[in-house]
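Just work_37.csv here, CSV, C-alpha atoms and all ligand atoms:
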chain,number,residue,atom,x,y,z
I,1,MET,CA,34.6,4.7,-4.7
I,2,THR,CA,35.8,5.7,-8.0
I,3,LEU,CA,36.7,9.0,-9.8
I,4,CYS,CA,33.7,10.4,-11.8
I,5,HIS,CA,34.8,10.7,-15.4
I,6,VAL,CA,33.2,14.1,-15.8
I,7,CYS,CA,33.8,16.1,-12.6
I,8,HIS,CA,36.8,14.0,-11.4
I,9,ALA,CA,35.4,13.9,-7.8
I,10,TRP,CA,35.4,10.7,-5.8
I,11,GLN,CA,31.9,9.2,-6.4
I,12,ALA,CA,30.0,5.9,-6.2
I,13,HIS,CA,29.7,5.6,-10.0
I,14,VAL,CA,32.0,6.2,-13.0
I,15,VAL,CA,29.7,9.1,-14.0
I,16,CYS,CA,28.1,10.5,-10.9
I,17,GLU,CA,24.4,11.3,-10.4
I,18,ASP,CA,25.1,15.0,-10.3
I,19,CYS,CA,26.8,14.9,-13.7
I,20,ILE,CA,24.0,12.9,-15.2
I,21,GLN,CA,21.5,15.4,-13.8
I,22,THR,CA,23.5,18.2,-15.3
I,23,PHE,CA,24.4,16.8,-18.7
I,24,ALA,CA,21.8,14.2,-19.5
I,25,GLN,CA,18.5,16.0,-19.0
I,26,PRO,CA,16.0,14.4,-21.4
I,27,VAL,CA,14.7,16.7,-24.2
I,28,GLU,CA,11.7,16.1,-26.4
I,29,ARG,CA,13.0,14.4,-29.5
I,30,CYS,CA,11.6,13.6,-33.0
I,31,ARG,CA,10.5,9.9,-32.9
I,32,ARG,CA,11.8,9.3,-36.4
I,33,CYS,CA,15.2,10.9,-36.3
I,34,ALA,CA,15.9,11.4,-32.6
I,35,LEU,CA,16.9,15.1,-33.1
I,36,PRO,CA,15.5,17.5,-30.5
I,37,THR,CA,12.1,18.5,-31.8
I,38,ALA,CA,13.1,22.2,-31.6
I,39,LEU,CA,15.6,21.6,-34.3
I,40,CYS,CA,13.1,19.7,-36.5
I,41,ALA,CA,10.6,22.5,-36.0
I,42,ALA,CA,13.1,25.1,-37.0
I,43,GLU,CA,13.8,23.1,-40.1
I,44,GLN,CA,10.1,22.7,-41.0
I,45,SER,CA,9.3,26.3,-40.6
I,46,GLN,CA,11.8,27.0,-43.4
I,47,GLY,CA,9.9,24.7,-45.7
I,48,HIS,CA,12.8,22.3,-45.9
I,49,THR,CA,12.0,18.6,-45.8
I,50,HIS,CA,13.5,16.4,-43.2
I,51,PRO,CA,14.7,13.4,-45.1
I,52,LEU,CA,14.7,10.9,-42.2
I,53,CYS,CA,11.2,11.9,-41.2
I,54,THR,CA,9.5,12.2,-44.5
I,55,LEU,CA,11.0,9.3,-46.6
I,56,PRO,CA,8.3,6.8,-47.3
I,57,GLY,CA,8.9,3.2,-46.3
I,58,LEU,CA,11.5,3.8,-43.6
I,59,ALA,CA,12.5,0.6,-41.9
I,60,ILE,CA,12.9,2.0,-38.4
I,61,ASP,CA,9.6,2.5,-36.6
I,62,GLN,CA,10.9,4.6,-33.8
I,63,CYS,CA,14.3,6.1,-33.0
I,64,ILE,CA,15.4,6.9,-29.4
I,65,ALA,CA,18.5,8.8,-28.3
I,66,ALA,CA,19.5,9.4,-24.7
I,67,VAL,CA,21.6,12.5,-25.2
I,68,ASP,CA,23.1,14.8,-27.8
I,69,TYR,CA,26.5,13.9,-29.0
I,70,ALA,CA,28.4,16.6,-27.1
I,71,TYR,CA,30.5,17.1,-24.0
I,72,PRO,CA,30.9,15.1,-21.8
I,73,TRP,CA,29.3,12.2,-23.6
I,74,SER,CA,31.5,12.4,-26.7
I,75,GLN,CA,34.5,11.9,-24.5
I,76,CYS,CA,32.9,9.0,-22.6
I,77,ILE,CA,32.0,7.3,-25.9
I,78,ALA,CA,35.6,7.6,-27.1
I,79,ARG,CA,36.8,6.0,-23.9
I,80,LEU,CA,34.3,3.2,-24.2
I,81,LYS,CA,35.0,2.7,-27.9
I,82,PHE,CA,38.7,2.2,-27.5
I,83,GLY,CA,38.2,-0.2,-24.6
I,84,ASP,CA,39.8,2.2,-22.1
I,85,ASP,CA,37.0,1.8,-19.7
I,86,VAL,CA,34.4,-1.0,-20.2
I,87,GLY,CA,32.9,0.0,-16.9
I,88,LEU,CA,31.4,3.0,-18.5
I,89,ALA,CA,29.1,0.8,-20.5
I,90,ALA,CA,26.8,0.1,-17.5
I,91,THR,CA,26.4,3.8,-16.7
I,92,LEU,CA,25.8,4.8,-20.4
I,93,ALA,CA,23.4,1.9,-20.9
I,94,HIS,CA,21.5,3.0,-17.8
I,95,MET,CA,21.0,6.4,-19.4
I,96,MET,CA,19.7,4.8,-22.6
I,97,ARG,CA,17.3,2.6,-20.7
I,98,HIS,CA,15.8,5.6,-18.9
I,99,SER,CA,15.3,7.7,-22.0
I,100,PRO,CA,11.7,8.4,-22.8
I,101,TRP,CA,10.1,5.4,-24.6
I,102,ALA,CA,13.1,3.2,-24.2
I,103,GLU,CA,11.8,1.1,-21.3
I,104,PRO,CA,8.6,-0.1,-23.1
I,105,ALA,CA,10.5,-0.7,-26.3
I,106,LEU,CA,13.0,-2.9,-24.4
I,107,GLU,CA,10.3,-4.7,-22.5
I,108,GLN,CA,8.4,-5.6,-25.7
I,109,ALA,CA,11.5,-6.6,-27.7
I,110,ASP,CA,12.0,-10.2,-28.6
I,111,ARG,CA,15.6,-9.4,-29.5
I,112,VAL,CA,18.1,-6.7,-28.6
I,113,MET,CA,20.7,-6.5,-31.4
I,114,PRO,CA,23.9,-4.5,-31.1
I,115,LEU,CA,24.8,-3.0,-34.5
I,116,PRO,CA,27.5,-5.4,-35.6
I,117,LEU,CA,31.0,-4.5,-36.8
I,118,SER,CA,32.4,-6.4,-39.7
I,119,ALA,CA,34.6,-9.3,-38.7
I,120,GLN,CA,37.6,-7.4,-40.0
I,121,ARG,CA,36.8,-4.2,-38.1
I,122,LEU,CA,36.1,-6.2,-35.0
I,123,GLN,CA,39.5,-7.9,-35.3
I,124,GLU,CA,41.2,-4.5,-35.7
I,125,ARG,CA,39.6,-3.0,-32.7
I,126,GLY,CA,39.1,-6.2,-30.6
I,127,PHE,CA,36.0,-4.7,-29.2
I,128,ASN,CA,32.4,-3.8,-30.1
I,129,GLN,CA,31.2,-1.0,-27.9
I,130,THR,CA,27.6,-1.5,-29.0
I,131,LEU,CA,27.7,-5.0,-27.7
I,132,GLU,CA,29.0,-3.8,-24.3
I,133,LEU,CA,26.0,-1.4,-24.2
I,134,SER,CA,23.6,-4.1,-25.2
I,135,ARG,CA,24.7,-6.4,-22.5
I,136,HIS,CA,23.2,-4.0,-20.0
I,137,LEU,CA,20.0,-3.5,-22.1
I,138,GLY,CA,19.0,-6.9,-23.4
I,139,ALA,CA,20.2,-9.5,-20.9
I,140,LYS,CA,19.1,-12.9,-22.2
I,141,ARG,CA,17.4,-11.5,-25.4
I,142,ILE,CA,20.6,-10.2,-26.8
I,143,ASP,CA,21.1,-11.5,-30.4
I,144,THR,CA,24.6,-11.1,-31.9
I,145,HIS,CA,24.4,-13.7,-34.6
I,146,SER,CA,21.4,-13.0,-36.9
I,147,LEU,CA,22.5,-9.6,-38.3
I,148,VAL,CA,25.9,-9.8,-40.0
I,149,ARG,CA,27.9,-6.9,-41.4
I,150,LEU,CA,29.7,-7.4,-44.7
I,151,GLU,CA,33.5,-7.0,-45.0
I,152,THR,CA,33.2,-4.5,-47.8
I,153,GLU,CA,32.3,-1.8,-45.4
I,154,THR,CA,33.5,1.3,-47.3
I,155,HIS,CA,34.8,4.1,-45.2
I,156,GLN,CA,32.3,6.9,-45.4
I,157,VAL,CA,34.8,9.7,-45.2
I,158,GLY,CA,34.6,11.9,-48.3
I,159,ALA,CA,31.5,10.2,-49.7
I,160,ASN,CA,28.6,12.5,-50.4
I,161,ARG,CA,25.1,11.8,-48.9
I,162,GLU,CA,23.8,9.7,-51.8
I,163,GLU,CA,27.0,7.6,-51.8
I,164,ARG,CA,26.8,7.0,-48.1
I,165,TRP,CA,23.2,5.8,-48.3
I,166,THR,CA,24.1,3.6,-51.2
I,167,GLN,CA,27.1,2.1,-49.5
I,168,ALA,CA,25.2,1.5,-46.3
I,169,GLN,CA,22.3,-0.2,-48.1
I,170,HIS,CA,24.6,-3.1,-49.1
I,171,GLY,CA,26.3,-3.4,-45.8
I,172,PHE,CA,24.3,-6.1,-44.0
I,173,TYR,CA,22.8,-9.6,-44.4
I,174,ILE,CA,20.9,-12.0,-42.3
I,175,ALA,CA,22.6,-15.2,-41.2
I,176,PRO,CA,20.7,-17.9,-43.2
I,177,GLU,CA,20.1,-20.1,-40.1
I,178,ALA,CA,18.5,-17.1,-38.3
I,179,LEU,CA,16.0,-16.4,-41.1
I,180,PRO,CA,13.1,-18.6,-40.1
I,181,ASP,CA,13.0,-17.2,-36.5
I,182,LEU,CA,12.9,-13.5,-37.3
I,183,ARG,CA,9.4,-13.2,-38.9
I,184,GLY,CA,7.0,-11.2,-36.8
I,185,GLN,CA,9.6,-10.3,-34.2
I,186,ARG,CA,10.1,-7.0,-32.4
I,187,VAL,CA,13.7,-5.9,-32.4
I,188,VAL,CA,15.6,-3.1,-30.6
I,189,LEU,CA,18.8,-2.2,-32.6
I,190,VAL,CA,21.5,-0.6,-30.4
I,191,ASP,CA,24.2,1.8,-31.5
I,192,ASP,CA,26.4,4.2,-29.7
I,193,VAL,CA,26.2,7.3,-32.0
I,194,MET,CA,23.7,8.1,-34.7
I,195,THR,CA,25.0,10.7,-37.2
I,196,THR,CA,23.2,10.4,-40.6
I,197,GLY,CA,21.2,7.4,-39.6
I,198,ALA,CA,22.1,5.7,-42.9
I,199,THR,CA,23.8,2.7,-41.3
I,200,LEU,CA,20.9,2.1,-38.9
I,201,GLN,CA,18.4,2.4,-41.7
I,202,ALA,CA,20.3,-0.1,-43.8
I,203,ALA,CA,20.5,-2.6,-40.9
I,204,ALA,CA,16.8,-2.1,-40.2
I,205,ALA,CA,15.9,-2.5,-43.9
I,206,THR,CA,17.8,-5.8,-43.9
I,207,LEU,CA,15.8,-7.0,-40.9
I,208,ARG,CA,12.6,-5.8,-42.4
I,209,ARG,CA,13.2,-7.8,-45.5
I,210,ALA,CA,13.6,-10.9,-43.3
I,211,GLY,CA,10.1,-10.2,-41.9
I,212,VAL,CA,10.9,-8.4,-38.7
I,213,ALA,CA,7.6,-6.7,-37.6
I,214,HIS,CA,8.8,-3.8,-35.5
I,215,ILE,CA,12.2,-2.0,-35.2
I,216,THR,CA,13.3,0.5,-32.6
I,217,ALA,CA,16.7,2.1,-32.9
I,218,LEU,CA,18.1,2.9,-29.5
I,219,VAL,CA,21.2,5.0,-29.5
I,220,LEU,CA,23.2,6.6,-26.8
I,221,ALA,CA,24.0,9.9,-28.6
I,222,ARG,CA,22.6,11.8,-31.5
I,223,THR,CA,24.8,14.1,-33.5
I,224,LEU,CA,23.4,17.5,-33.8
I,225,PRO,CA,23.4,19.6,-37.0
I,226,PRO,CA,26.5,21.9,-37.2
I,227,HIS,CA,26.1,25.5,-36.1
I,228,ARG,CA,23.5,24.5,-33.7
I,229,ALA,CA,24.1,27.6,-31.6
I,230,ILE,CA,23.4,29.8,-34.6
I,231,ALA,CA,20.4,27.7,-35.4
I,232,ASP,CA,19.1,28.1,-31.9
I,233,ASN,CA,19.5,31.9,-32.1
I,234,HIS,CA,18.0,32.5,-35.5
I,235,GLY,CA,16.2,29.3,-36.5
I,236,HIS,CA,17.1,29.5,-40.2
I,237,VAL,CA,20.3,27.5,-40.6
I,238,PRO,CA,20.0,24.6,-43.0
I,239,HIS,CA,19.6,21.4,-41.1
I,240,ARG,CA,22.7,19.7,-42.4
I,241,ALA,CA,22.6,16.7,-40.1
I,242,CYS,CA,19.5,15.5,-41.9
I,243,THR,CA,20.8,16.2,-45.4
I,244,SER,CA,24.4,14.8,-45.1
H,1,ZN,ZN,30.6,13.8,-11.6
H,2,ZN,ZN,13.0,14.4,-37.3

Rewrite the coordinates I just gave you, this time as structure tokens.
Amino acid sequence: MTLCHVCHAWQAHVVCEDCIQTFAQPVERCRRCALPTALCAAEQSQGHTHPLCTLPGLAIDQCIAAVDYAYPWSQCIARLKFGDDVGLAATLAHMMRHSPWAEPALEQADRVMPLPLSAQRLQERGFNQTLELSRHLGAKRIDTHSLVRLETETHQVGANREERWTQAQHGFYIAPEALPDLRGQRVVLVDDVMTTGATLQAAAATLRRAGVAHITALVLARTLPPHRAIADNHGHVPHRACTS
């Protein structure tokens, strides 16, 4: 027995079945950006474009998120991220695996790649939470060596949208020895939180240039646009998550 992280009752799992039922109900999501489709629809009805969904030549073929980035998952992710509770990874990965479309993507994947941290960041933190999640998703197909993150990872705070995309585009490379084996492969890229999607797109674009045939981004949590409550009520708030 253990204490459920959410309801703090004694339970069999670190997040109990009741809490998963309550807080992780699957919602229909856009297959390109993983936002709930209701939010995309509100956006489209206003005549705005939805950059992640309409950009030509996107490197990610499909994008899957288990939950919205909100209570209680934001707290669980923080605990996982700072290594407070590695045991959470199994439960959170279980939620990812059981999201709509995730199971077939994982079954068909030749490789499951956790989004890498740069060596410097990994050393600072001592821990890559996406690797912990991937261990429960990819088993033997997990690939931590082919995709490499550059050290010059600029902190995105304060950068505008164009700057973030530009910074992210140059953030990854393929390990030379891995190049011959990637052509034609199907890859599932794993991350904990997707906010703008810029980093995942950059990683995917790097894989695409190496000849990878199909890329699924599988994330635990998708950040919602700000003022979601207002958007839900009125349907006409600019969709900032897709434009920032
Ligand atoms: Zn609970
Ligand atoms: Zn979308």

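Considering the residues I:Leu115, I:Cys63, I:Ala70, I:Ile142 and counting only C-alpha atoms and all ligand atoms, ligand ZN 2 (chain H) has its shortest atom-to-atom contact with I:Cys63.
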
So how many Å separate atom CA of Glu151 of chain I and atom CA of Leu131 of chain I, to one decimal?
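Going from atom CA of Glu151 of chain I over to atom CA of Leu131 of chain I, I get 18.4 Å.
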
At most 8 Å from ligand ZN 1 (chain H) (all atoms listed in the file): residue list as a CSV table (one decimal) with C-alpha atoms, in the frame of the given file:
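Output file out-v7.csv follows:
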chain,number,residue,atom,x,y,z
I,3,LEU,CA,36.7,9.0,-9.8
I,4,CYS,CA,33.7,10.4,-11.8
I,5,HIS,CA,34.8,10.7,-15.4
I,6,VAL,CA,33.2,14.1,-15.8
I,7,CYS,CA,33.8,16.1,-12.6
I,8,HIS,CA,36.8,14.0,-11.4
I,9,ALA,CA,35.4,13.9,-7.8
I,11,GLN,CA,31.9,9.2,-6.4
I,14,VAL,CA,32.0,6.2,-13.0
I,15,VAL,CA,29.7,9.1,-14.0
I,16,CYS,CA,28.1,10.5,-10.9
I,17,GLU,CA,24.4,11.3,-10.4
I,18,ASP,CA,25.1,15.0,-10.3
I,19,CYS,CA,26.8,14.9,-13.7
I,20,ILE,CA,24.0,12.9,-15.2

Checklist entry - Do you know which residues are at most 8 Å from His94 of chain I counting only C-alpha atoms, after dropping those on the same chain fewer than 4 positions away, and could you put them as JSON, numbers by chain? => result {"I": [90, 98, 136, 137]}

- Message: So, with only C-alpha atoms and all ligand atoms as the atoms that count, which of I:Arg125, I:Arg29, I:Lys140, I:His145 lies closest to ligand ZN 2 (chain H)?
- Response: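 Of I:Arg125, I:Arg29, I:Lys140, I:His145, the one nearest ligand ZN 2 (chain H), counting only C-alpha atoms and all ligand atoms, is I:Arg29.
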
* Taking all atoms listed in the file into account, which of I:Leu92, I:Leu133, I:Leu224, I:Leu207 comes nearest ligand ZN 2 (chain H)? ->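 Ranked by minimum distance to ligand ZN 2 (chain H), first place goes to I:Leu224.
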
Smallest atom-to-atom distance to Pro100 of chain I: which of I:Ala139, I:Leu189, I:Ala34, I:Leu150, using only C-alpha atoms?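 Closest candidate: I:Ala34.
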
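Residue nearest Pro180 of chain I, chosen from I:Gln75, I:Thr206, I:Ser146, I:Thr199 and counting all atoms listed in the file: I:Ser146.
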
Worksheet item: If you count all atoms listed in the file, which residues fall within 10 Å of Arg135 of chain I, apart from same-chain ones fewer than 6 positions away, as a list in words?
Response: Ala89, Ala90, Ala93, Val112, Met113, Pro114, Arg141 and Ile142 of chain I

Anything within 12 Å of (23.3, 2.8, -34.7): list those residues as a PyMOL selection string, counting all atoms listed in the file and sticking to the file's coordinates.
chain I and resi 33-34+60+63-65+113-117+129-131+133-134+168+188-204+216-223

Show me, as a PyMOL selection string, the residues that have an atom within 9 Å of Ala24 of chain I when counting only C-alpha atoms, minus same-chain residues fewer than 4 positions from it.
chain I and resi 19-20+66-68+73+95

Take segment 93-124 of chain I from the block and save it with N, CA, C and O atoms, as a CSV table (one decimal), in the first residue's frame.
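Done, and the output landed in decode.csv:
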chain,number,residue,atom,x,y,z
I,93,ALA,N,3.2,6.9,-17.3
I,93,ALA,CA,3.4,6.2,-18.6
I,93,ALA,C,2.3,5.3,-19.0
I,93,ALA,O,1.9,5.2,-20.1
I,94,HIS,N,1.7,4.7,-17.9
I,94,HIS,CA,0.5,3.9,-18.2
I,94,HIS,C,-0.6,4.7,-18.7
I,94,HIS,O,-1.3,4.3,-19.7
I,95,MET,N,-0.8,5.9,-18.2
I,95,MET,CA,-1.8,6.8,-18.8
I,95,MET,C,-1.5,7.2,-20.2
I,95,MET,O,-2.4,7.3,-21.1
I,96,MET,N,-0.2,7.4,-20.5
I,96,MET,CA,0.2,7.8,-21.9
I,96,MET,C,-0.2,6.6,-22.9
I,96,MET,O,-0.7,6.8,-23.9
I,97,ARG,N,0.2,5.4,-22.4
I,97,ARG,CA,0.0,4.2,-23.3
I,97,ARG,C,-1.5,4.0,-23.6
I,97,ARG,O,-1.8,3.5,-24.7
I,98,HIS,N,-2.4,4.4,-22.6
I,98,HIS,CA,-3.8,4.1,-22.8
I,98,HIS,C,-4.5,5.3,-23.4
I,98,HIS,O,-5.8,5.3,-23.4
I,99,SER,N,-3.8,6.3,-23.9
I,99,SER,CA,-4.5,7.4,-24.6
I,99,SER,C,-4.9,6.9,-26.0
I,99,SER,O,-4.2,6.1,-26.5
I,100,PRO,N,-6.0,7.5,-26.5
I,100,PRO,CA,-6.4,7.1,-27.9
I,100,PRO,C,-5.2,7.2,-28.8
I,100,PRO,O,-4.5,8.2,-28.8
I,101,TRP,N,-5.0,6.2,-29.7
I,101,TRP,CA,-4.0,6.1,-30.7
I,101,TRP,C,-2.6,5.8,-30.2
I,101,TRP,O,-1.7,5.6,-31.0
I,102,ALA,N,-2.4,5.8,-28.9
I,102,ALA,CA,-1.0,5.6,-28.5
I,102,ALA,C,-0.6,4.2,-28.6
I,102,ALA,O,0.6,3.9,-29.0
I,103,GLU,N,-1.4,3.3,-28.3
I,103,GLU,CA,-1.1,1.8,-28.3
I,103,GLU,C,-0.6,1.4,-29.7
I,103,GLU,O,0.5,0.8,-29.8
I,104,PRO,N,-1.4,1.7,-30.8
I,104,PRO,CA,-0.9,1.3,-32.1
I,104,PRO,C,0.4,2.0,-32.5
I,104,PRO,O,1.2,1.4,-33.1
I,105,ALA,N,0.5,3.2,-32.1
I,105,ALA,CA,1.8,4.0,-32.5
I,105,ALA,C,3.0,3.3,-31.8
I,105,ALA,O,4.0,3.1,-32.4
I,106,LEU,N,2.8,2.9,-30.6
I,106,LEU,CA,3.9,2.2,-29.8
I,106,LEU,C,4.2,0.8,-30.4
I,106,LEU,O,5.3,0.4,-30.6
I,107,GLU,N,3.1,0.1,-30.8
I,107,GLU,CA,3.3,-1.2,-31.3
I,107,GLU,C,4.0,-1.2,-32.7
I,107,GLU,O,4.9,-2.0,-33.0
I,108,GLN,N,3.7,-0.1,-33.5
I,108,GLN,CA,4.3,-0.1,-34.8
I,108,GLN,C,5.7,0.6,-34.8
I,108,GLN,O,6.4,0.6,-35.8
I,109,ALA,N,6.1,1.2,-33.7
I,109,ALA,CA,7.3,1.9,-33.6
I,109,ALA,C,8.6,1.0,-33.7
I,109,ALA,O,8.6,0.0,-33.0
I,110,ASP,N,9.6,1.4,-34.5
I,110,ASP,CA,10.9,0.7,-34.4
I,110,ASP,C,11.7,1.2,-33.3
I,110,ASP,O,12.5,0.5,-32.7
I,111,ARG,N,11.5,2.5,-32.9
I,111,ARG,CA,12.2,3.1,-31.8
I,111,ARG,C,11.3,4.0,-31.0
I,111,ARG,O,10.5,4.7,-31.6
I,112,VAL,N,11.6,4.0,-29.7
I,112,VAL,CA,10.9,5.0,-28.8
I,112,VAL,C,12.0,5.8,-28.3
I,112,VAL,O,13.0,5.4,-27.6
I,113,MET,N,11.9,7.1,-28.6
I,113,MET,CA,13.0,8.1,-28.2
I,113,MET,C,12.6,9.1,-27.2
I,113,MET,O,11.7,9.9,-27.5
I,114,PRO,N,13.1,9.1,-26.0
I,114,PRO,CA,12.8,10.2,-25.1
I,114,PRO,C,13.5,11.5,-25.6
I,114,PRO,O,14.6,11.4,-26.1
I,115,LEU,N,12.8,12.6,-25.5
I,115,LEU,CA,13.4,13.8,-25.9
I,115,LEU,C,14.6,14.1,-25.0
I,115,LEU,O,14.5,14.1,-23.8
I,116,PRO,N,15.8,14.1,-25.7
I,116,PRO,CA,17.0,14.2,-24.8
I,116,PRO,C,17.2,15.6,-24.2
I,116,PRO,O,16.7,16.6,-24.7
I,117,LEU,N,17.8,15.6,-23.1
I,117,LEU,CA,18.4,16.9,-22.5
I,117,LEU,C,19.8,17.1,-23.0
I,117,LEU,O,20.4,16.1,-23.5
I,118,SER,N,20.3,18.3,-23.0
I,118,SER,CA,21.7,18.4,-23.4
I,118,SER,C,22.5,17.8,-22.2
I,118,SER,O,22.0,17.7,-21.1
I,119,ALA,N,23.7,17.4,-22.6
I,119,ALA,CA,24.6,16.8,-21.5
I,119,ALA,C,24.7,17.7,-20.3
I,119,ALA,O,24.7,17.2,-19.2
I,120,GLN,N,24.8,19.0,-20.6
I,120,GLN,CA,25.0,20.0,-19.5
I,120,GLN,C,23.8,20.0,-18.6
I,120,GLN,O,23.8,19.9,-17.4
I,121,ARG,N,22.6,20.0,-19.2
I,121,ARG,CA,21.4,20.1,-18.4
I,121,ARG,C,21.2,18.8,-17.7
I,121,ARG,O,20.7,18.8,-16.5
I,122,LEU,N,21.5,17.7,-18.3
I,122,LEU,CA,21.4,16.4,-17.6
I,122,LEU,C,22.3,16.3,-16.4
I,122,LEU,O,21.9,15.8,-15.4
I,123,GLN,N,23.5,16.9,-16.6
I,123,GLN,CA,24.4,16.9,-15.4
I,123,GLN,C,23.8,17.8,-14.3
I,123,GLN,O,23.9,17.4,-13.1
I,124,GLU,N,23.3,18.9,-14.6
I,124,GLU,CA,22.7,19.8,-13.6
I,124,GLU,C,21.6,19.1,-12.8
I,124,GLU,O,21.5,19.2,-11.6
